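In what follows, a structure is listed as structure tokens, so that the remarks can point back to it.
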Amino acid sequence: MPGRPLRVAVVGAGPAGIYAADALAGQDDVPVAVDLIDRLPTPFGLVRHGIAPDHLKMRALRETLHHTLDHERVRFVGNVEIGTDLALDELRRHVDAVVYTYGAAGDRALGIPGEELPGSLAATDVVAWYCGHPDADRGRVEELVSRARDVVVVGVGNVALDVARVLARSPAELHPTEMPHHVLDTLAAAPVERITVLGRRGPAQASFTTQELRELGHLAAATVLVDPADLTDAGDAALAAEDRHVARNLAALADYAGHEAAPGTVSVRLRFHARPVRLLGTDRVIGVEVERTRVDADGRAVGTGELDVVPADLVVRSVGYRGHALPGLPLDGGTVPHDAGRVVRDGEVSRGEYVAGWIKRGPTGVVGTNKHDARETVASLLADVASGVLQPGGDDDWVDTLLARGGHPVLLADWRAIDAAEIALGAVHGRARTTLHERESLLAAVRAAAAAQEG
Ligand SMILES: Cc1cc2nc3c(=O)[nH]c(=O)nc-3n(C[C@H](O)[C@H](O)[C@H](O)COP(=O)(O)OP(=O)(O)OC[C@H]3O[C@@H](n4cnc5c(N)ncnc54)[C@H](O)[C@@H]3O)c2cc1C
């Protein structure tokens with residue numbers, strides 16, 4: 001139909017999806033109508049359900065992201081899971097192009113004996129819980145956190161430090177966050193005394209940023225401990241001479257190496273050259289057997305055979321994220337195969353299919369990395385329109401199809417009702433916002449606003 005805008009569906013309203021929608025809506029060459037779809041009733045992906053709740057400034061990024069949701073060429077459609085509520089090929093029949101931005105939120109396993117024992121969790125489980133993700137296994141995480149005295153966090157990236165920090169924070173420090181109340185209550189009552197963070201390799205190979213590392217030293221009721229012997233490797237000094245990031249991390253760790261455990265505070269011990277070999281326990285985790293390692297010339301951890309046991313009631317593995325396949329979409333090693341953002345199926349570029357964000361390049365980079373990434377993808381899409389590969393065609397509105405089938409899509413006004421309900425709930429306790437955790441509570445806020453408007 002001449003003059004009809006190009007209909008583009010973006011699957012996933014996290015940063016990559018929002019940046020892709022923004023790049024599409026903000027250009028003047030091609031008239032577009034963008035549907036920004038998410039399986040959750042809320043937008044923002046890991047900005048809402050990943051970035052640590054005590055990082056208030058970082059989470060405020062969503063104010064900027066929200067501008068895109070307000071754009072007249074963009075329609076937010078939440079509470080619709082592509083692949084479940086609507087099959088991929090069905091969506092493709094209704095629109096002219098699809099941009100997949102559904103993230104890579106699956107966890108990686110350690111692959112060691114005992115990992116399946118109760119008391120062993122993935123960081124994804126803990127993060128989903130404290131951020132109030134509707135799919136979090138609330139009962140299981142709360143049961144474990146509420147009796148955790150000795151916690152082991154496996155991994156030395158920023159997510160591992162996020163988990164350690166949140167568990168070590170005092171109730172007063174967590175009050176200004178958006179965490180759901182039951183999360184605050186569970187953390188306040190948790191008997192956490194010792195948190196050990198394990199790195200397989202040396203401090204020079206740790207991937208956490210210096211900022212996150214230093215932040216640990218400013219907690220109100222925690223003491224950070226580092227064994228000075230972990231900082232004596234001549235190889236680390238050589239790496240520090242070449243890499244400022246390593247040098248800064250080693251300097252921060254050296255400050256901690258002078259600390260001693262202080263009574264009445266949670267001790268957060270950062271241990272390096274320590275590889276978990278198995279989780280101990282019969283009906284639940286009671287400890288982690290750890291092997292001392294050394295780092296070889298290629299930077300790999302090599303076991304020394306020297307073993308010890310770290311007591312633990314709760315073990316949280318934080319060793320990376322991975323992507324999963326959307327039914328009907330190819331996946332190769334955790335990402336969707338592509339050529340400059342154009343999806344590749346069986347070695348050929350697939351017309352009208354694009355990918356951006358973590359599911360395109362893997363779980364790396366900061367939020368802003370997705371902006372550049374999404375722009376590359378949108379540039380490919382617009383080039384395909386310019387060359388005539390992609391043309392407005394499509395079918396009637398897929399949201400009507402969904403509604404006729406009894407679906408409950410959450411549109412922008414509905415999300416605003418959720419937003420307002422969370423702000424109102426926060427105000428009751430003197431907080432800026434309190435996250436509504438359960439999907440049912442989120443949808444109840446939508447229904448309440450609709451009923452108020454009708455009445
Ligand atoms: C724990 C954690 C903490 C982080 N902290 C920081 C930080 O402090 N600073 C920083 O810069 N970066 C941080 N990051 C990285 C940042 O969050 C990512 O770079 C970014 O979120 C990736 O964007 P994305 O859009 O690709 O994926 P996501 O943010 O995961 O968004 C994907 C979206 O797709 C939706 N979706 C999934 N499947 C479907 C489906 N089938 N149908 C419809 N929708 C679907 C999901 O609900 C989600 O909303 C953190 C990441 C994690 C995991």
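Labeling convention for the structure tokens: chains A, B, ... as they appear, residues from 1 per chain, ligands from 1 in order of appearance.
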
Sorted by chain and rising residue number, list the residues of region 290-395 of chain A at most 12 Å from region 214-232 of chain A (counting only C-alpha atoms), each with its closest atom pair and distance in Å to one decimal, as CSV.
residue,atom,partner,partner_atom,distance
A:Arg292,CA,A:Asp230,CA,10.8
A:Thr293,CA,A:Asp230,CA,10.9
A:Arg294,CA,A:Asp230,CA,10.5
A:Val295,CA,A:Asp230,CA,11.9

Could you give me the residues within 8 Å of ligand 1, counting only C-alpha atoms and all ligand atoms, as a VMD selection string?
-> chain A and resid 11 to 18 37 to 40 42 to 47 49 to 52 55 58 to 59 78 to 84 101 to 105 123 to 124 127 158 to 159 162 321 326 356 to 360 363 to 370

Might you pull out every residue within 8 Å of His437 (chain A), with only C-alpha atoms counted and same-chain residues fewer than 3 positions away left off, and present them as a PyMOL selection string?
-> chain A and resi 132-134+180+441-442

Export, as a compact mmCIF listing (two decimals), in the first residue's frame, the selected residues with all heavy atoms.
# COMPACT_ATOMS: atom_id res chain seq x y z
N GLY A 132 13.38 -8.05 41.77
CA GLY A 132 11.92 -8.19 41.63
C GLY A 132 11.48 -8.60 40.23
O GLY A 132 10.49 -8.09 39.71
N HIS A 133 12.20 -9.55 39.61
CA HIS A 133 11.78 -10.08 38.30
C HIS A 133 10.58 -11.00 38.52
O HIS A 133 10.62 -11.86 39.41
CB HIS A 133 12.94 -10.84 37.66
CG HIS A 133 12.72 -11.19 36.22
ND1 HIS A 133 11.73 -12.06 35.81
CD2 HIS A 133 13.34 -10.77 35.09
CE1 HIS A 133 11.77 -12.17 34.48
NE2 HIS A 133 12.73 -11.39 34.03
N PRO A 134 9.52 -10.85 37.72
CA PRO A 134 8.33 -11.68 37.94
C PRO A 134 8.61 -13.19 37.89
O PRO A 134 7.90 -13.96 38.52
CB PRO A 134 7.40 -11.29 36.78
CG PRO A 134 7.84 -9.93 36.37
CD PRO A 134 9.32 -9.88 36.63
N PRO A 180 11.77 -4.81 46.16
CA PRO A 180 10.48 -5.14 46.79
C PRO A 180 10.65 -5.25 48.31
O PRO A 180 11.72 -5.61 48.79
CB PRO A 180 10.14 -6.50 46.19
CG PRO A 180 10.94 -6.61 44.94
CD PRO A 180 12.18 -5.80 45.16
N SER A 441 0.66 -8.82 40.36
CA SER A 441 0.56 -7.47 40.96
C SER A 441 0.72 -6.40 39.89
O SER A 441 0.05 -5.36 39.94
CB SER A 441 1.65 -7.23 42.01
OG SER A 441 1.89 -8.37 42.74
N LEU A 442 1.58 -6.66 38.92
CA LEU A 442 1.79 -5.70 37.84
C LEU A 442 0.50 -5.57 37.03
O LEU A 442 0.04 -4.45 36.73
CB LEU A 442 2.94 -6.14 36.94
CG LEU A 442 4.33 -6.18 37.59
CD1 LEU A 442 5.31 -7.03 36.79
CD2 LEU A 442 4.88 -4.77 37.75

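With distances restricted to only C-alpha atoms, A:Asp54 is the closest residue to Val166 (chain A) from A:Asp419, A:Glu291, A:Asp296, A:Asp54.
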
For Asp135 (chain A), the closest of A:Arg439, A:Ala238, A:Leu279, A:Glu173 counting only C-alpha atoms is A:Arg439
